[in-house]
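Engineer: I'd like to ask you about the structure that follows.
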Amino acid sequence: MAMLEVNDLQVYYGVICALKGISFQVEQGQIVSLIGANGAGKTTMMQSIVSLIPKREGTVVFEGKDITKTPSHKIVRLGMTQVPEGRRIFQELTVYENLLMGAYTNKDQQSFKRDLEMIYERFPRLAERKNQIAGTLSGGEQQMLAMGRAIMCHPKLLMLDEPSMGLSPLLVDQVFEIIKDINKDGTTILLVEQNAGKSLAISDQAYVMENGKIVLSGTGAELASSEKVKKAYLGG
Amino acid sequence: MTTAINGLSLGGIYAMIALGYTMVYGIAKMLNFAHGDVIMIGGYMIYVTMATGNPLLAIAVAVLSCVILGVTIEKVAYKPLRGASPLAVLITAIGISYLLQSLAQIIFGSAAKMVTVYELGSIQFLGATVQLSALVTLGVTVVVMAALTLFVKFTRVGRAMIAVSEDRGAAQLMGINVNGIITLTFAIGSALAALAGLFYLLKAPNVSSTMGAMPGIKAFTAAVIGGIGSIPGAMLGGILLGIVESVSYKFAAIAPYTDAIEFSILIIILLVRPNGFLGKKRREKV
Ligand SMILES: Nc1ncnc2c1ncn2[C@@H]1O[C@H](COP(=O)(O)OP(=O)(O)OP(=O)(O)O)[C@@H](O)[C@H]1O
Ligand SMILES: [Mg+2]
């Protein structure tokens with residue numbers, strides 16, 4: 001049984017159908033990525049899985065439990081959270097307070113302190129700026145904070161929606177390194193990326209989305225060498 | 001001097017109501033125009049319970065029933081409208097306001113009722129007569145404002161309120177129960193409304209079905225002047241409006257225009273500072 005099973009997911013915005021029946025699975029311990037052009041429906045899919053956007057049809061099962069109708073905050077408590085598109089950190093709070101919010105469901109002081117140290121080690125920039133108001137961080141620093149905040153919640157499955165968006169090449173590499181690290185520490189990853197080359201390279205399994213549908217699937221290596229993917233997403 | 005103290009105590013009442021407005025607006029992102037009428041219900045609850053002759057019991061009953069009322073209004077009327085247009089929510093709130101006023105009229109009649117909670121008397125201070133009720137009002141308001149500020153800044157649930165006010169979706173992704181936080185916000189706002197009702201009765205011992213309407217609008221004005229969504233802003237706006245009102249009543253020539261003067265101040269301040277004195281501008285970073 002897969003960790004996350006999405007079956008025939010359909011989502012509408014008014015009368016517009018954004019997801020036309022999507023099915024896929026995420027196996028425990030893997031990095032699974034989803035690539036697709038702008039407007040393909042990737043964000044819609046990520047947010048409807050965690051109930052931030054209502055579903056019309058279909059089911060979502062997490063670790064054998066049907067979470068199709070479970071409210072978002074309860075899904076988080078089951079061990080699945082998301083770094084949403086556009087970071088969405090809490091701008092009025094400090095860096096430290098944002099990390100505190102990430103640990104909202106964790107009331108154990110000991111593990112909180114350990115997590116915090118680990119985050120500061122992994123993102124030294126956040127340690128330097130822990131008392132800075134988050135809204136004044138640079139875009140890249142905000143992205144790190146968004147990832148740090150999600151890690152503080154100890155998810156078993158971490159979903160990331162375009163974590164490399166708007167970052168300089170050096171930072172992009174760093175983000176992918178961190179994703180690999182988190183995965184090595186035992187967190188399963190579901191990744192949405194525009195950067196198809198880099199994400200396929202670290203993925204165990206990958207899916208390609210077009211117009212609200214999954215049109216291709218395979219291992220990261222398979223898709224990276226597929227002619228169709230090369231043409232449409234890898235620039236030739 | 002007496003005018004100044006009067007202004008401060010009136011300002012305290014406005015501030016207390018404005019705190020409720022501003023909390024609900026800041027966190028639930030809606031204008032709860034029925035907020036003033038919750039004060040009125042609090043007033044009637046005090047009136048009814050004072051039959052036992054126990055003021056502390058009356059206050060406790062008023063606070064508790066206002067909390068239940070506020071939370072019920074939110075659950076029944078506002079929660080189903082989450083995600084609906086702000087206009088629909090506003091109209092619903094106005095409807096609730098009239099509903100509460102009519103209910104009070106049906107139950108208690110349209111004539112105002114007299115009720116004396118405490119006879120606090122007055123003291124002489126620097127040659128002026130100062131009503132003790134004014135000092136109590138002011139003192140409690142300051143304490144409540146400080147407590148709320150600390151609560152929001154330094155507790156887990158308080159920070160969750162800030163998170164919900166900034167971004168509901170992101171807050172949910174932290175595991176925060178957004179509906180729970182909004183319910184709590186309404187509970188706090190309604191408890192403050194009950195206290196405002198009490199202070200109102202200390203100042204003018206009459207309960208009527210429309211007693212909450214004007215203070216409600218004034219307090220809303222105060223909240224906007226101070227910067228809606230800001231806790232110290234509500235305090236500042238309330239005190240400012242209270243003082244303006246007291247001073248204006250002091251002069252026979254402008255006394256009849258007091259309300260107009262207050263609302264003009266609102267308009268002028270909004271022209272100069274669209275976010276009010278302490279309101280924050282939203283920073284957007286792409
Ligand atoms: N709130 C909304 N109301 C109406 N249509 C929407 C809404 N949000 C998204 N859409 C539409 O749904 C489709 C899928 O959008 P979505 O944001 O899921 O795409 P995406 O794959 O994440 O794109 P990108 O790579 O640009 O982030 C788009 O055509 C978009 O215009
Ligand atoms: Mg997207």
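Identifiers for the structure tokens are assigned positionally: chains receive A, B, ... in sequence, residues are indexed from 1 per chain, and ligands are indexed from 1 in the order shown.
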Within 10 Å of ligand 2 (counting only C-alpha atoms and all ligand atoms), which residues show up? I'd like them as a PyMOL selection string.

Structural biologist: chain A and resi 36-47+84-86+161-162+192-194

Engineer: Using only C-alpha atoms and a cut-off of 10 Å, which residues of chain A sit close to chain B? Please list them as a PyMOL selection string.

Structural biologist: chain A and resi 47+50-53+71-84+86-93+97-106+135-139+142+149-150+152-153+166

Engineer: From the set A:His154, A:Arg114, A:Lys213, A:Arg125, which residue has the shortest atom-to-atom contact distance to Asp8 in chain A, counting only C-alpha atoms?

Structural biologist: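 Looking only at the distances to Asp8 in chain A, the closest residue turns out to be A:Lys213.
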
Engineer: List every residue of range 56-215 of chain A that DSSP, applied to the backbone of this structure, places in strand (DSSP E or B), and write the result as a PyMOL selection string.

Structural biologist: chain A and resi 57-62+65-66+80-83+94+133+157-161+188-193+205-210+213-215

Engineer: Now that the selection is made, can you save its residues with N, CA, C and O atoms as a short mmCIF file (atom, residue, chain, number, x, y, z; two decimals), in the first residue's frame?

Structural biologist:
```
data_model
loop_
_atom_site.label_atom_id
_atom_site.label_comp_id
_atom_site.auth_asym_id
_atom_site.auth_seq_id
_atom_site.Cartn_x
_atom_site.Cartn_y
_atom_site.Cartn_z
N GLU A 57 -14.80 15.43 -7.09
CA GLU A 57 -14.87 13.96 -7.16
C GLU A 57 -13.53 13.39 -6.72
O GLU A 57 -12.53 14.09 -6.71
N GLY A 58 -13.54 12.10 -6.43
CA GLY A 58 -12.28 11.41 -6.17
C GLY A 58 -11.99 11.24 -4.69
O GLY A 58 -12.70 11.78 -3.83
N THR A 59 -10.95 10.48 -4.40
CA THR A 59 -10.59 10.23 -3.01
C THR A 59 -9.09 10.42 -2.82
O THR A 59 -8.30 10.29 -3.75
N VAL A 60 -8.73 10.76 -1.59
CA VAL A 60 -7.33 10.84 -1.20
C VAL A 60 -7.16 9.98 0.03
O VAL A 60 -7.91 10.11 1.01
N VAL A 61 -6.20 9.06 -0.01
CA VAL A 61 -5.96 8.16 1.12
C VAL A 61 -4.52 8.33 1.57
O VAL A 61 -3.59 8.25 0.77
N PHE A 62 -4.36 8.61 2.86
CA PHE A 62 -3.02 8.81 3.42
C PHE A 62 -2.79 7.76 4.49
O PHE A 62 -3.54 7.67 5.45
N LYS A 65 -5.73 5.85 5.53
CA LYS A 65 -6.88 6.57 6.09
C LYS A 65 -7.45 7.49 5.02
O LYS A 65 -6.71 8.23 4.36
N ASP A 66 -8.76 7.43 4.84
CA ASP A 66 -9.40 8.29 3.85
C ASP A 66 -9.42 9.74 4.36
O ASP A 66 -10.06 10.03 5.37
N MET A 80 1.23 15.28 7.42
CA MET A 80 1.47 15.69 6.04
C MET A 80 1.30 17.20 5.97
O MET A 80 0.31 17.74 6.41
N THR A 81 2.34 17.89 5.49
CA THR A 81 2.15 19.33 5.33
C THR A 81 2.78 19.78 4.02
O THR A 81 3.28 18.95 3.24
N GLN A 82 2.74 21.06 3.77
CA GLN A 82 3.07 21.57 2.45
C GLN A 82 3.78 22.91 2.56
O GLN A 82 3.43 23.73 3.39
N VAL A 83 4.78 23.09 1.73
CA VAL A 83 5.34 24.43 1.53
C VAL A 83 4.56 25.00 0.34
O VAL A 83 4.74 24.56 -0.79
N THR A 94 8.41 37.29 13.52
CA THR A 94 9.85 37.17 13.31
C THR A 94 10.15 35.78 12.73
O THR A 94 9.28 34.91 12.67
N ILE A 133 11.96 40.61 11.42
CA ILE A 133 10.58 40.45 10.95
C ILE A 133 10.63 39.77 9.58
O ILE A 133 11.34 40.22 8.67
N LEU A 157 5.14 13.13 5.31
CA LEU A 157 5.12 13.45 3.88
C LEU A 157 5.15 14.98 3.73
O LEU A 157 4.30 15.68 4.26
N LEU A 158 6.18 15.46 3.05
CA LEU A 158 6.29 16.90 2.84
C LEU A 158 6.02 17.21 1.37
O LEU A 158 6.65 16.63 0.47
N MET A 159 5.07 18.10 1.13
CA MET A 159 4.75 18.51 -0.23
C MET A 159 5.37 19.88 -0.46
O MET A 159 5.25 20.77 0.37
N LEU A 160 6.06 20.06 -1.59
CA LEU A 160 6.68 21.35 -1.89
C LEU A 160 6.20 21.85 -3.24
O LEU A 160 6.32 21.14 -4.24
N ASP A 161 5.63 23.04 -3.26
CA ASP A 161 5.12 23.61 -4.51
C ASP A 161 6.09 24.68 -5.01
O ASP A 161 6.10 25.80 -4.51
N THR A 188 9.20 11.49 3.31
CA THR A 188 8.77 11.28 1.93
C THR A 188 8.46 12.64 1.30
O THR A 188 7.97 13.54 1.97
N ILE A 189 8.78 12.78 0.01
CA ILE A 189 8.66 14.09 -0.64
C ILE A 189 7.74 14.03 -1.86
O ILE A 189 7.89 13.13 -2.70
N LEU A 190 6.81 14.97 -1.94
CA LEU A 190 6.06 15.18 -3.18
C LEU A 190 6.39 16.59 -3.66
O LEU A 190 6.11 17.57 -2.98
N LEU A 191 7.03 16.65 -4.83
CA LEU A 191 7.62 17.90 -5.28
C LEU A 191 6.99 18.37 -6.59
O LEU A 191 6.87 17.60 -7.54
N VAL A 192 6.58 19.63 -6.62
CA VAL A 192 6.12 20.24 -7.87
C VAL A 192 7.19 21.23 -8.30
O VAL A 192 7.65 22.02 -7.49
N GLU A 193 7.62 21.13 -9.53
CA GLU A 193 8.71 22.01 -9.97
C GLU A 193 8.58 22.44 -11.42
O GLU A 193 8.09 21.69 -12.27
N GLN A 205 10.20 8.64 -8.63
CA GLN A 205 9.03 8.49 -9.50
C GLN A 205 8.61 9.88 -9.93
O GLN A 205 8.77 10.84 -9.18
N ALA A 206 8.09 9.99 -11.17
CA ALA A 206 7.68 11.33 -11.62
C ALA A 206 6.45 11.24 -12.51
O ALA A 206 6.16 10.20 -13.12
N TYR A 207 5.71 12.33 -12.53
CA TYR A 207 4.51 12.44 -13.35
C TYR A 207 4.54 13.74 -14.13
O TYR A 207 5.04 14.74 -13.64
N VAL A 208 3.98 13.71 -15.33
CA VAL A 208 3.88 14.94 -16.12
C VAL A 208 2.41 15.31 -16.25
O VAL A 208 1.57 14.46 -16.58
N MET A 209 2.09 16.55 -15.96
CA MET A 209 0.70 17.03 -16.04
C MET A 209 0.53 17.98 -17.19
O MET A 209 1.38 18.82 -17.46
N GLU A 210 -0.61 17.82 -17.87
CA GLU A 210 -0.98 18.77 -18.92
C GLU A 210 -2.47 19.01 -18.82
O GLU A 210 -3.24 18.05 -18.76
N LYS A 213 -4.55 16.95 -16.42
CA LYS A 213 -4.48 15.49 -16.53
C LYS A 213 -3.04 15.03 -16.40
O LYS A 213 -2.12 15.76 -16.76
N ILE A 214 -2.85 13.80 -15.92
CA ILE A 214 -1.51 13.24 -15.94
C ILE A 214 -1.34 12.53 -17.28
O ILE A 214 -2.14 11.67 -17.65
N VAL A 215 -0.31 12.94 -18.04
CA VAL A 215 -0.15 12.39 -19.38
C VAL A 215 1.01 11.42 -19.49
O VAL A 215 1.09 10.65 -20.47
#
```

Engineer: Please list as a short mmCIF file (atom, residue, chain, number, x, y, z; two decimals) with C-alpha atoms, in the first residue's frame every residue within 10 Å of Ala128 in chain B, counting only C-alpha atoms and excluding residues in the same chain fewer than 3 positions away.

Structural biologist:
```cif
data_model
loop_
_atom_site.label_atom_id
_atom_site.label_comp_id
_atom_site.auth_asym_id
_atom_site.auth_seq_id
_atom_site.Cartn_x
_atom_site.Cartn_y
_atom_site.Cartn_z
CA MET B 1 -10.24 68.64 34.54
CA THR B 2 -13.63 67.06 35.09
CA THR B 3 -14.19 67.21 31.34
CA ILE B 5 -11.65 62.69 33.14
CA SER B 122 -16.88 60.56 43.53
CA ILE B 123 -13.68 61.94 44.97
CA GLN B 124 -12.09 65.37 44.93
CA PHE B 125 -8.88 65.49 42.97
CA GLN B 131 -16.45 60.06 39.33
#
```

Engineer: Can you work out which one of A:Ile179, A:Pro163, A:Gln25, A:Glu63 has the shortest atom-to-atom distance to ligand 1, counting only C-alpha atoms and all ligand atoms?

Structural biologist: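 Ranking A:Ile179, A:Pro163, A:Gln25, A:Glu63 by distance to ligand 1, first place goes to A:Pro163.
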
Engineer: Please run DSSP on the backbone and report, as a VMD selection string, all residues within range 161-277 of chain B that come out as alpha helix (DSSP H).

Structural biologist: chain B and resid 161 to 166 168 to 173 178 to 203 213 to 226 231 to 250 258 to 272

Engineer: Record the distance separating CA of Phe251 in chain B and CA of Ile265 in chain B, expressed in Å with one decimal.

Structural biologist: 17.6 Å

Engineer: I'd like the neighbourhood of Lys228 in chain A as a PyMOL selection string, where a residue qualifies if any of its atoms comes within 12 Å (using only C-alpha atoms), though same-chain residues fewer than 5 positions away should be ignored.

Structural biologist: chain A and resi 208+215-217+222-223+233-236

Engineer: Can you write out the residues you just picked, keeping N, CA, C and O atoms, as a JSON list (two decimals), in the first residue's frame?

Structural biologist:
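The new file selection16.json reads:
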```
[["chain", "number", "residue", "atom", "x", "y", "z"],
["A", 208, "VAL", "N", 3.98, 13.71, -15.33],
["A", 208, "VAL", "CA", 3.88, 14.94, -16.12],
["A", 208, "VAL", "C", 2.41, 15.31, -16.25],
["A", 208, "VAL", "O", 1.57, 14.46, -16.58],
["A", 215, "VAL", "N", -0.31, 12.94, -18.04],
["A", 215, "VAL", "CA", -0.15, 12.39, -19.38],
["A", 215, "VAL", "C", 1.01, 11.42, -19.49],
["A", 215, "VAL", "O", 1.09, 10.65, -20.47],
["A", 216, "LEU", "N", 1.92, 11.47, -18.54],
["A", 216, "LEU", "CA", 3.08, 10.58, -18.58],
["A", 216, "LEU", "C", 3.48, 10.23, -17.17],
["A", 216, "LEU", "O", 3.33, 11.05, -16.26],
["A", 217, "SER", "N", 4.04, 9.02, -16.98],
["A", 217, "SER", "CA", 4.61, 8.73, -15.68],
["A", 217, "SER", "C", 5.74, 7.75, -15.86],
["A", 217, "SER", "O", 5.86, 7.08, -16.88],
["A", 222, "GLU", "N", 13.66, 7.61, -16.38],
["A", 222, "GLU", "CA", 12.89, 7.31, -17.60],
["A", 222, "GLU", "C", 12.34, 8.59, -18.24],
["A", 222, "GLU", "O", 12.48, 8.81, -19.44],
["A", 223, "LEU", "N", 11.73, 9.41, -17.40],
["A", 223, "LEU", "CA", 11.13, 10.62, -17.95],
["A", 223, "LEU", "C", 12.21, 11.58, -18.46],
["A", 223, "LEU", "O", 12.02, 12.25, -19.47],
["A", 233, "TYR", "N", 9.90, 20.04, -21.83],
["A", 233, "TYR", "CA", 10.24, 20.57, -20.51],
["A", 233, "TYR", "C", 11.73, 20.74, -20.26],
["A", 233, "TYR", "O", 12.14, 21.38, -19.30],
["A", 234, "LEU", "N", 12.55, 20.12, -21.10],
["A", 234, "LEU", "CA", 13.98, 20.22, -20.83],
["A", 234, "LEU", "C", 14.70, 21.06, -21.87],
["A", 234, "LEU", "O", 15.92, 21.07, -21.94],
["A", 235, "GLY", "N", 13.91, 21.77, -22.66],
["A", 235, "GLY", "CA", 14.51, 22.69, -23.63],
["A", 235, "GLY", "C", 15.26, 21.96, -24.72],
["A", 235, "GLY", "O", 16.42, 22.25, -24.99],
["A", 236, "GLY", "N", 14.61, 20.97, -25.38],
["A", 236, "GLY", "CA", 15.24, 20.31, -26.52],
["A", 236, "GLY", "C", 15.64, 18.99, -26.17],
["A", 236, "GLY", "O", 16.26, 18.19, -25.97]]
```

Engineer: So which one's closest to Gly279 in chain B, B:Leu120, B:Val144, B:Ile94, B:Ile228? Using only C-alpha atoms, please.

Structural biologist: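 The closest residue to Gly279 in chain B is B:Ile228.
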
Engineer: For CA of Ile225 in chain B and CA of Lys79 in chain B, determine how far apart the two atoms are, in Å to one decimal place.

Structural biologist: 27.6 Å

Engineer: Between A:Met1, A:Ala221, A:Met144, A:Ile119, which has the minimum distance to Val172 in chain A (counting only C-alpha atoms)?

Structural biologist: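 Closest candidate: A:Met144.
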